[in-house]
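K.L.:
Got a structure here, written out as structure tokens. Questions coming.
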Amino acid sequence: MIFKKGNIHRRGQVSLLLLICMSTVLSGCSKPQPEPQGTTPSVESTSPTGTNKESNTNNTTKQPNPPSGSTVSDTEGIPSGVTIKKVIKDVEVKNNYRKKVELLSDGGKRITITDPNGGVVMKHIEYEGVILSVNGKKVDVQVEHGGKQTLTIPNEIVIEDDENLGLVKGVEIEWDVDTEGKIQSVELED
């Protein structure tokens with residue numbers, strides 16, 4: 001793999017552990033309420049596979065039987081035209097919470113954490129790539145395991161750049177988006 005795992009992943013793991021601990025404590029305080037189901041948000045993205053809808057038949061791990069009325073959707077938070085290529089990981093984390101990592105056709109990895117009742121605790125998509133060109137906060141990126149994407153980094157996002165690399169061609173970039181496609185964090189690495 002040509003990309004390093006950075007602080008974003010360590011922070012994500014620490015945040016996940018903290019979130020699970022807090023959820024476990026709070027789960028004894030109140031009865032869990034199911035999340036309302038809504039429409040699937042879409043995100044602009046260039047997909048190397050077009051709109052070809054693939055089924056998730058390359059799953060090598062055992063899938064849990066979700067409870068009826070589960071709030072986990074196969075397409076929730078995935079950009080339009082993007083499909084799930086395969087499930088990379090689906091494991092029990094702690095106290096019957098589950099972590100599922102899916103590789104998407106645009107090169108992203110959708111990460112979903114569910115509680116014991118199947119309710120979504122956290123869901124986001126992580127991307128890794130190499131900067132191809134930069135025009136201000138608009139960045140063209142070659143995504144690992146995917147095609148090219150153009151990011152417009154919002155002004156309120158602070159770019160983590162421990163090595164003071166800056167947004168320049170050839171620098172590795174990692175970013176997370178929420179289920180609505182909004183960039184949540186950006187990190188640069190050498």
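Scheme for the structure tokens: letters A, B, ... for chains in order shown; per-chain residue numbers from 1; ligand numbers from 1 in order shown.
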Which neighbours of Thr152 (chain A) fall inside 9 Å, counting only C-alpha atoms, when residues of the same chain fewer than 5 positions from it are skipped, and could you give them as a ChimeraX atom specification?
P.N.:
/A:136-140,183
K.L.:
Considering only C-alpha atoms, tabulate each residue of region 106-185 of chain A that lies at most 7 Å from region 90-102 of chain A along with its nearest interatomic pair and the corresponding distance in Å to one decimal; arrange the rows by chain and ascending residue number and present them as a Markdown table.
P.N.:
| residue | atom | partner | partner_atom | distance |
| --- | --- | --- | --- | --- |
| A:Lys109 | CA | A:Glu102 | CA | 5.4 |
| A:Arg110 | CA | A:Glu102 | CA | 5.2 |
| A:Ile111 | CA | A:Val101 | CA | 4.6 |
| A:Thr112 | CA | A:Lys100 | CA | 5.2 |
| A:Ile113 | CA | A:Lys99 | CA | 4.6 |
| A:Thr114 | CA | A:Arg98 | CA | 5.3 |
| A:Asp115 | CA | A:Tyr97 | CA | 4.6 |
| A:Pro116 | CA | A:Asn96 | CA | 5.0 |
K.L.:
Go ahead and write the residues just picked, N, CA and C atoms, as a short mmCIF file (atom, residue, chain, number, x, y, z; two decimals), in the first residue's frame.
P.N.:
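part-v8.cif written:
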data_model
loop_
_atom_site.label_atom_id
_atom_site.label_comp_id
_atom_site.auth_asym_id
_atom_site.auth_seq_id
_atom_site.Cartn_x
_atom_site.Cartn_y
_atom_site.Cartn_z
N LYS A 109 -13.95 4.38 1.73
CA LYS A 109 -14.25 3.32 2.67
C LYS A 109 -15.35 3.83 3.59
N ARG A 110 -16.54 3.23 3.49
CA ARG A 110 -17.64 3.62 4.37
C ARG A 110 -17.51 2.85 5.67
N ILE A 111 -17.49 3.59 6.78
CA ILE A 111 -17.35 2.99 8.10
C ILE A 111 -18.64 3.24 8.86
N THR A 112 -19.23 2.14 9.36
CA THR A 112 -20.49 2.23 10.09
C THR A 112 -20.33 1.52 11.42
N ILE A 113 -20.70 2.21 12.50
CA ILE A 113 -20.74 1.62 13.84
C ILE A 113 -22.20 1.54 14.23
N THR A 114 -22.64 0.33 14.64
CA THR A 114 -24.04 0.16 15.06
C THR A 114 -24.08 -0.33 16.50
N ASP A 115 -25.15 0.03 17.20
CA ASP A 115 -25.34 -0.41 18.57
C ASP A 115 -25.96 -1.81 18.56
N PRO A 116 -26.14 -2.43 19.74
CA PRO A 116 -26.68 -3.79 19.79
C PRO A 116 -28.07 -3.94 19.15
#
K.L.:
Using only C-alpha atoms, pick whichever of A:Glu189, A:Asp106, A:Glu156, A:Glu163 has the shortest atom-to-atom distance to Glu144 (chain A).
P.N.:
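Of A:Glu189, A:Asp106, A:Glu156, A:Glu163, the one nearest Glu144 (chain A), counting only C-alpha atoms, is A:Asp106.
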K.L.:
May I ask for the distance between CA of Gly170 (chain A) and CA of Gly108 (chain A), given in Å to one decimal place?
P.N.:
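Computing it gives 19.2 Å between the two atoms.
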K.L.:
Interatomic distance between CA of Gln142 (chain A) and CA of Gly129 (chain A)?
P.N.:
5.3 Å
K.L.:
Which is closer to Glu160 (chain A) than all the others in A:Leu188, A:Val143, A:Lys148, A:Trp175, using only C-alpha atoms?
P.N.:
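Counting only C-alpha atoms, the residue closest to Glu160 (chain A) is A:Leu188.
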